[in-house]
Amino acid sequence: MSISNPIVYDCIVVGAGLAGLVAARNIHRSGHNVLVIEAQDRFGGRMYGQYLPSKQWIDRGGQWVGPTQDRFLALLDEYGVRRFPSPAEGRKVLIFDGKRYEFDGFFQGFPEGEPPSISEEEWRDAMDAWERFETLTKELPSGHPRRDRQNQKLDSQTFIQWIEENTLTAFGRWYFSYMSRAVGYLGPAEPSQVSLLHVLWGNNCAPQSEHPEAELLHGGAGQIPEKIATELGTRIRLREPVLRICHDQAGVEVETLKSRFTAKFTIVAMPPHLAGRIIYDPPMPPLREQLTQRVPMGCCAKILISYDRPFWRDKGLAGIGLGNCKWIELCADSSDPETGVGVIATFVVGDRYRDWRSMSDSDRRAAVLSDLAIYFGDEALSPSTYDEVDWPSDPWAGGGYAAFMPPGVWTSFGEALTAPVGRIYWAGTEMAERWPGFFDGAVRTGEAAAKAIMSFL
Ligand SMILES: Cc1cc2nc3c(=O)[nH]c(=O)nc-3n(C[C@H](O)[C@H](O)[C@H](O)COP(=O)(O)OP(=O)(O)OC[C@H]3O[C@@H](n4cnc5c(N)ncnc54)[C@H](O)[C@@H]3O)c2cc1C
Ligand SMILES: [Mg+2]
């Protein structure tokens with residue numbers, strides 16, 4: 001294949017997700033010549049919106065933002081994207097072992113307000129374990145977990161082992177398993193699949209106590225990729241999966257399904273397992289090769305269900321449900337007050353996803369709606385729209401929300417996660433030291449990779 005374009009770019013960014021777009025934009029704004037190459041026919045990767053016939057938006061990927069996500073907030077301000085508080089007024093619903101509790105509080109690990117009226121013994125069990133979990137979290141230094149004796153010990157355990165050793169009741173066990181599956185700390189993952197060290201690290205640099213789901217965006221997060229892409233204009237090529245990157249001391253040659261381009265540097269901006277699918281010549285160093293074989297994506301589908309109006313509010317309910325229902329462990333009101341439409345966003349995660357995915361279309365829909373009816377009442381059975389986003393079936397994501405570390409990965413291979421290889425730099429939310437797995441983490445890594453490269457240009 002001949003070089004398709006005689007230009008030697010300053011940088012080629014591979015992947016037009018949020019991290020790649022931010023990196024490219026910053027390089028372009030500094031007057032350097034950048035090209036973005038994206039596999040899909042759209043920008044944004046896991047930041048992916050859609051409008052319903054009702055003019056209500058839905059976010060098929062991420063949607064929430066929180067007050068300490070500074071880099072993402074700065075981006076929103078820059079593009080004039082307006083925010084509103086995530087609807088949370090009213091009582092929350094907990095379903096545990098078939099019993100229903102309405103309460104004026106909330107918990108995602110971190111408890112707030114009034115607890116649900118389960119037994120004192122069960123609530124104390126969860127709270128005592130939560131304190132131990134927080135104490136362990138605070139012992140971790142900031143930054144990516146390093147290879148040392150203490151971390152190796154934490155990294156040799158799964159989260160479920162810790163949960164079993166630290167809780168006495170079924171509720172206590174569920175409280176933490178739910179954290180692993182619904183909140184995720186990247187992932188989300190079954191607690192039997194994720195390293196204890198990873199979960200503690202996630203609780204340290206992306207804590208629920210900082211309310212990462214505090215706000216939503218008028219028009220949705222899905223509008224942002226287009227705004228950044230507009231600034232880049234024709235410097236983005238869509239529908240061109242990158243297959244191979246040849247690199248040496250002089251520069252890089254990036255080969256797609258259709259063409260070949262040269263540049264001084266490249267930024268590969270995608271989750272580690274997708275970066276690992278590209279052929280590198282010369283090959284990646286062994287630690288990097290081993291790492292990218294070991295960083296799986298969370299197993300999660302997102303489902304967005306819309307109603308004429310947020311009917312749950314008539315009953316004094318917040319539209320937020322959590323519990324160990326058969327399919328739905330977490331659902332949340334995502335209605336934009338400016339449209340008047342009611343939207344519930346929910347997830348089917350881990351082993352629940354496995355079983356749910358094997359059912360017919362109509363059975364999957366019936367399964368989700370019947371769980372929503374348990375949380376909010378029979379009105380939930382008659383939505384105006386129902387959208388499933390099956391992230392593990394998307395070959396350009398492989399899962400969602402993000403990738404997580406199974407036991408042993410951080411301490412044996414973690415140092416290869418961000419280390420550049422010659423002129424190849426890495427970006428993507430999985431690489432972030434603050435808010436990994438979130439939009440904010442993606443922005444931070446895009447900014448950092450661009451800055452690193454620009455120091456050489
Ligand atoms: C269901 C779900 C819910 C979420 N909820 C939230 C939330 O509420 N708040 C929040 O902050 N975050 C949330 N997230 C996470 C957030 O969406 C991600 O952290 C962020 O979008 C990741 O951006 P990225 O650029 O790092 O990666 P990606 O968006 O994955 O971008 C990678 C890009 O690379 C492209 N690519 C891959 N391989 C190649 C190749 N060989 N050649 C060319 N291109 C390639 C892909 O097509 C993709 O466009 C959620 C994610 C999901 C899936
Ligand atoms: Mg993205």
# chains A, B, ... in the order shown; residues from 1 in each chain; ligands from 1
call {"tool": "residues_near_ligand", "arguments": {"ligand": "ligand 1", "cutoff": "7 Å", "atoms": "only C-alpha atoms and all ligand atoms", "output": "PyMOL selection string"}}
result
chain A and resi 14-20+37-40+43-47+60-65+213+240-243+269-271+274-275+278+300-302+391+396-397+399-402+427-430+436-442
call {"tool": "write_last_selection", "arguments": {"atoms": "N, CA and C atoms", "output": "short mmCIF file (atom, residue, chain, number, x, y, z; two decimals), in the first residue's frame"}}
result
data_model
loop_
_atom_site.label_atom_id
_atom_site.label_comp_id
_atom_site.auth_asym_id
_atom_site.auth_seq_id
_atom_site.Cartn_x
_atom_site.Cartn_y
_atom_site.Cartn_z
N VAL A 14 -5.45 8.28 16.96
CA VAL A 14 -6.24 7.12 16.56
C VAL A 14 -7.39 6.96 17.55
N GLY A 15 -8.62 7.12 17.06
CA GLY A 15 -9.80 7.02 17.94
C GLY A 15 -10.38 8.40 18.21
N ALA A 16 -11.63 8.62 17.78
CA ALA A 16 -12.30 9.92 17.99
C ALA A 16 -13.32 9.85 19.11
N GLY A 17 -12.98 9.15 20.20
CA GLY A 17 -13.75 9.26 21.44
C GLY A 17 -13.40 10.60 22.09
N LEU A 18 -13.92 10.83 23.27
CA LEU A 18 -13.68 12.12 23.94
C LEU A 18 -12.19 12.39 24.14
N ALA A 19 -11.45 11.38 24.57
CA ALA A 19 -10.01 11.57 24.83
C ALA A 19 -9.28 11.96 23.55
N GLY A 20 -9.55 11.24 22.47
CA GLY A 20 -8.88 11.51 21.20
C GLY A 20 -9.26 12.88 20.65
N ILE A 37 -8.06 9.63 13.13
CA ILE A 37 -8.58 8.50 12.35
C ILE A 37 -9.49 7.66 13.26
N GLU A 38 -10.72 7.49 12.81
CA GLU A 38 -11.75 6.82 13.63
C GLU A 38 -12.33 5.64 12.84
N ALA A 39 -12.51 4.52 13.53
CA ALA A 39 -13.02 3.30 12.90
C ALA A 39 -14.49 3.42 12.49
N GLN A 40 -15.28 4.07 13.33
CA GLN A 40 -16.73 4.07 13.11
C GLN A 40 -17.17 5.20 12.19
N PHE A 43 -18.33 10.16 15.47
CA PHE A 43 -17.35 10.48 16.51
C PHE A 43 -17.97 10.18 17.87
N GLY A 44 -17.12 10.11 18.88
CA GLY A 44 -17.62 10.11 20.25
C GLY A 44 -17.45 8.81 21.01
N GLY A 45 -17.31 7.68 20.32
CA GLY A 45 -17.13 6.41 21.04
C GLY A 45 -18.22 6.20 22.07
N ARG A 46 -17.81 6.12 23.33
CA ARG A 46 -18.76 5.87 24.43
C ARG A 46 -19.53 7.14 24.86
N MET A 47 -19.30 8.22 24.18
CA MET A 47 -20.10 9.45 24.39
C MET A 47 -20.99 9.55 23.16
N ARG A 60 -26.82 7.24 25.09
CA ARG A 60 -26.64 5.79 25.00
C ARG A 60 -25.39 5.33 25.75
N GLY A 61 -24.43 6.22 25.89
CA GLY A 61 -23.23 5.96 26.68
C GLY A 61 -23.34 6.72 27.99
N GLY A 62 -22.28 7.46 28.34
CA GLY A 62 -22.28 8.21 29.59
C GLY A 62 -23.21 9.40 29.54
N GLN A 63 -23.64 9.87 30.74
CA GLN A 63 -24.55 11.02 30.77
C GLN A 63 -24.30 11.98 31.93
N TRP A 64 -23.77 11.48 33.07
CA TRP A 64 -23.72 12.32 34.27
C TRP A 64 -22.39 13.05 34.41
N VAL A 65 -22.43 14.11 35.22
CA VAL A 65 -21.21 14.85 35.56
C VAL A 65 -21.32 15.29 37.03
N GLU A 213 -22.54 11.76 39.84
CA GLU A 213 -23.80 11.73 39.09
C GLU A 213 -24.73 12.88 39.49
N GLU A 240 -12.51 4.37 9.14
CA GLU A 240 -11.18 3.85 8.78
C GLU A 240 -10.51 3.20 9.98
N PRO A 241 -10.86 1.97 10.29
CA PRO A 241 -10.16 1.29 11.39
C PRO A 241 -8.65 1.28 11.16
N VAL A 242 -7.89 1.64 12.16
CA VAL A 242 -6.44 1.54 12.07
C VAL A 242 -6.05 0.09 12.35
N LEU A 243 -5.24 -0.47 11.45
CA LEU A 243 -4.85 -1.87 11.58
C LEU A 243 -3.43 -2.03 12.08
N ALA A 269 -5.94 6.49 21.29
CA ALA A 269 -6.89 6.95 22.32
C ALA A 269 -8.10 6.03 22.37
N MET A 270 -7.97 4.96 23.12
CA MET A 270 -9.02 3.93 23.20
C MET A 270 -8.72 3.03 24.39
N PRO A 271 -9.69 2.19 24.79
CA PRO A 271 -9.40 1.31 25.91
C PRO A 271 -8.28 0.31 25.58
N LEU A 274 -8.54 -2.63 23.01
CA LEU A 274 -8.64 -2.25 21.59
C LEU A 274 -7.27 -1.79 21.07
N ALA A 275 -6.53 -1.08 21.91
CA ALA A 275 -5.16 -0.69 21.52
C ALA A 275 -4.34 -1.95 21.26
N ILE A 278 -4.34 -3.61 17.62
CA ILE A 278 -3.59 -3.03 16.51
C ILE A 278 -2.26 -3.78 16.39
N CYS A 300 -21.98 -4.69 30.50
CA CYS A 300 -23.14 -3.88 30.85
C CYS A 300 -23.91 -3.41 29.63
N ALA A 301 -25.23 -3.52 29.71
CA ALA A 301 -26.10 -2.89 28.72
C ALA A 301 -26.78 -1.73 29.40
N LYS A 302 -27.00 -0.66 28.64
CA LYS A 302 -27.75 0.48 29.17
C LYS A 302 -29.10 0.49 28.48
N TRP A 391 -23.61 -2.68 24.95
CA TRP A 391 -22.19 -2.31 24.80
C TRP A 391 -21.26 -3.48 24.55
N TRP A 396 -16.38 -1.79 18.75
CA TRP A 396 -15.48 -0.65 18.95
C TRP A 396 -15.53 -0.15 20.39
N ALA A 397 -16.13 -0.94 21.26
CA ALA A 397 -16.07 -0.66 22.70
C ALA A 397 -15.79 -1.99 23.41
N GLY A 399 -17.67 -3.35 25.51
CA GLY A 399 -18.31 -3.35 26.83
C GLY A 399 -18.38 -1.93 27.35
N GLY A 400 -18.80 -1.79 28.58
CA GLY A 400 -18.91 -0.46 29.19
C GLY A 400 -19.18 -0.66 30.68
N TYR A 401 -19.05 0.34 31.48
CA TYR A 401 -18.71 1.72 31.16
C TYR A 401 -17.25 1.85 30.71
N ALA A 402 -16.40 1.03 31.32
CA ALA A 402 -14.97 1.16 31.06
C ALA A 402 -14.30 -0.17 31.40
N ALA A 427 -3.90 7.41 25.29
CA ALA A 427 -4.92 8.20 25.99
C ALA A 427 -6.19 7.37 26.08
N GLY A 428 -7.16 7.89 26.81
CA GLY A 428 -8.41 7.16 27.04
C GLY A 428 -8.68 7.13 28.53
N THR A 429 -9.95 7.12 28.89
CA THR A 429 -10.33 7.25 30.29
C THR A 429 -9.66 6.22 31.20
N GLU A 430 -9.40 5.05 30.68
CA GLU A 430 -8.77 3.98 31.48
C GLU A 430 -7.38 4.37 31.97
N PRO A 436 -10.90 8.04 36.47
CA PRO A 436 -10.83 7.03 35.42
C PRO A 436 -12.22 6.43 35.23
N GLY A 437 -12.55 6.09 34.00
CA GLY A 437 -13.86 5.49 33.72
C GLY A 437 -14.93 6.52 33.45
N PHE A 438 -14.63 7.78 33.71
CA PHE A 438 -15.60 8.86 33.50
C PHE A 438 -15.14 9.76 32.34
N PHE A 439 -16.06 10.61 31.90
CA PHE A 439 -15.70 11.59 30.86
C PHE A 439 -14.50 12.42 31.31
N ASP A 440 -14.55 12.84 32.58
CA ASP A 440 -13.48 13.70 33.09
C ASP A 440 -12.11 13.03 32.93
N GLY A 441 -12.04 11.75 33.21
CA GLY A 441 -10.78 11.02 33.05
C GLY A 441 -10.34 11.01 31.59
N ALA A 442 -11.31 10.86 30.68
CA ALA A 442 -10.97 10.86 29.25
C ALA A 442 -10.38 12.21 28.85
#
call {"tool": "residues_around", "arguments": {"residues": "range 316-323 of chain A", "least_positions_apart": "6", "cutoff": "8 Å", "atoms": "only C-alpha atoms", "output": "PyMOL selection string"}}
result
chain A and resi 87-96+310+329-333+344+375-376
call {"tool": "write_last_selection", "arguments": {"atoms": "N, CA and C atoms", "output": "compact mmCIF listing (two decimals), in the first residue's frame"}}
result
# COMPACT_ATOMS: atom_id res chain seq x y z
N PRO A 87 -32.52 14.74 38.52
CA PRO A 87 -33.76 14.74 39.30
C PRO A 87 -33.65 13.73 40.45
N ALA A 88 -33.86 14.19 41.69
CA ALA A 88 -33.70 13.29 42.84
C ALA A 88 -34.70 13.62 43.95
N GLU A 89 -35.60 14.54 43.65
CA GLU A 89 -36.60 14.97 44.63
C GLU A 89 -37.59 13.83 44.87
N GLY A 90 -37.86 13.52 46.12
CA GLY A 90 -38.83 12.46 46.43
C GLY A 90 -38.15 11.27 47.06
N ARG A 91 -38.97 10.25 47.35
CA ARG A 91 -38.44 9.09 48.04
C ARG A 91 -37.77 8.13 47.05
N LYS A 92 -36.66 7.53 47.50
CA LYS A 92 -35.99 6.49 46.70
C LYS A 92 -36.63 5.16 47.06
N VAL A 93 -36.46 4.20 46.16
CA VAL A 93 -37.02 2.86 46.41
C VAL A 93 -35.88 1.85 46.51
N LEU A 94 -35.90 1.07 47.58
CA LEU A 94 -34.99 -0.08 47.70
C LEU A 94 -35.84 -1.34 47.64
N ILE A 95 -35.45 -2.29 46.79
CA ILE A 95 -36.07 -3.61 46.78
C ILE A 95 -35.01 -4.59 47.25
N PHE A 96 -35.25 -5.22 48.38
CA PHE A 96 -34.26 -6.21 48.82
C PHE A 96 -34.96 -7.51 49.18
N PRO A 310 -42.97 12.15 33.74
CA PRO A 310 -42.36 11.39 34.85
C PRO A 310 -43.43 10.99 35.87
N GLU A 329 -30.65 -3.57 39.02
CA GLU A 329 -30.17 -3.22 40.36
C GLU A 329 -30.11 -1.72 40.58
N LEU A 330 -30.19 -0.95 39.49
CA LEU A 330 -30.12 0.51 39.62
C LEU A 330 -30.86 1.14 38.46
N CYS A 331 -31.75 2.09 38.78
CA CYS A 331 -32.38 2.87 37.71
C CYS A 331 -32.53 4.29 38.21
N ALA A 332 -32.48 5.25 37.29
CA ALA A 332 -32.45 6.65 37.71
C ALA A 332 -33.20 7.55 36.75
N ASP A 333 -33.92 8.50 37.31
CA ASP A 333 -34.65 9.50 36.55
C ASP A 333 -33.65 10.35 35.76
N ILE A 344 -36.23 7.12 32.20
CA ILE A 344 -35.50 6.32 33.19
C ILE A 344 -34.30 5.69 32.47
N TYR A 375 -40.30 -1.29 40.96
CA TYR A 375 -39.80 -0.06 41.59
C TYR A 375 -40.85 1.06 41.60
N PHE A 376 -41.53 1.26 40.45
CA PHE A 376 -42.31 2.50 40.29
C PHE A 376 -43.80 2.31 40.05
call {"tool": "atom_distance", "arguments": {"atom1": "CA of Thr262 in chain A", "atom2": "CA of Ile7 in chain A"}}
result
7.1 Å
call {"tool": "select_by_dssp", "arguments": {"residues": "range 271-432 of chain A", "states": "helix (DSSP H, G or I)", "output": "PyMOL selection string"}}
result
chain A and resi 272-275+286-292+311-315+350-357+361-376+378-381+391-393+409-416+429-431
call {"tool": "closest_residue", "arguments": {"among": "A:Arg132, A:Glu102, A:Pro188, A:His211", "to": "Pro67 in chain A", "atoms": "only C-alpha atoms"}}
result
A:His211
call {"tool": "residues_around", "arguments": {"residues": "Leu304 in chain A", "least_positions_apart": "3", "cutoff": "6 Å", "atoms": "only C-alpha atoms", "output": "list in words"}}
result
Ile344, Ala345, Tyr386 and Asp387 of chain A
call {"tool": "write_last_selection", "arguments": {"atoms": "N, CA and C atoms", "output": "mmCIF file, in the first residue's frame"}}
result
data_model
loop_
_atom_site.group_PDB
_atom_site.id
_atom_site.type_symbol
_atom_site.label_atom_id
_atom_site.label_comp_id
_atom_site.auth_asym_id
_atom_site.auth_seq_id
_atom_site.Cartn_x
_atom_site.Cartn_y
_atom_site.Cartn_z
ATOM 1 N N ILE A 344 -36.233 7.122 32.204
ATOM 2 C CA ILE A 344 -35.502 6.323 33.185
ATOM 3 C C ILE A 344 -34.301 5.694 32.468
ATOM 4 N N ALA A 345 -33.122 5.878 33.049
ATOM 5 C CA ALA A 345 -31.930 5.197 32.533
ATOM 6 C C ALA A 345 -31.630 4.036 33.465
ATOM 7 N N TYR A 386 -38.434 2.586 24.089
ATOM 8 C CA TYR A 386 -37.593 1.643 24.830
ATOM 9 C C TYR A 386 -36.341 1.414 23.983
ATOM 10 N N ASP A 387 -35.186 1.801 24.480
ATOM 11 C CA ASP A 387 -33.935 1.640 23.726
ATOM 12 C C ASP A 387 -32.907 0.867 24.522
#
call {"tool": "residues_around", "arguments": {"residues": "Phe261 in chain A", "least_positions_apart": "6", "cutoff": "12 Å", "atoms": "only C-alpha atoms", "output": "ChimeraX atom specification"}}
result
/A:1-14,34-37,237,240,242-247,251-255
call {"tool": "closest_residue", "arguments": {"among": "A:Arg235, A:Gly446, A:Gly350, A:Asp155", "to": "ligand 2", "atoms": "only C-alpha atoms and all ligand atoms"}}
result
A:Gly446
call {"tool": "closest_residue", "arguments": {"among": "A:Phe72, A:Phe84, A:Trp162, A:Trp57", "to": "ligand 2", "atoms": "only C-alpha atoms and all ligand atoms"}}
result
A:Phe72
call {"tool": "select_by_dssp", "arguments": {"residues": "range 103-229 of chain A", "states": "strand (DSSP E or B)", "output": "PyMOL selection string"}}
result
chain A and resi 103+105-108+110-113+158+195+215-217
call {"tool": "atom_distance", "arguments": {"atom1": "CA of Ser30 in chain A", "atom2": "CA of Arg423 in chain A"}}
result
19.1 Å
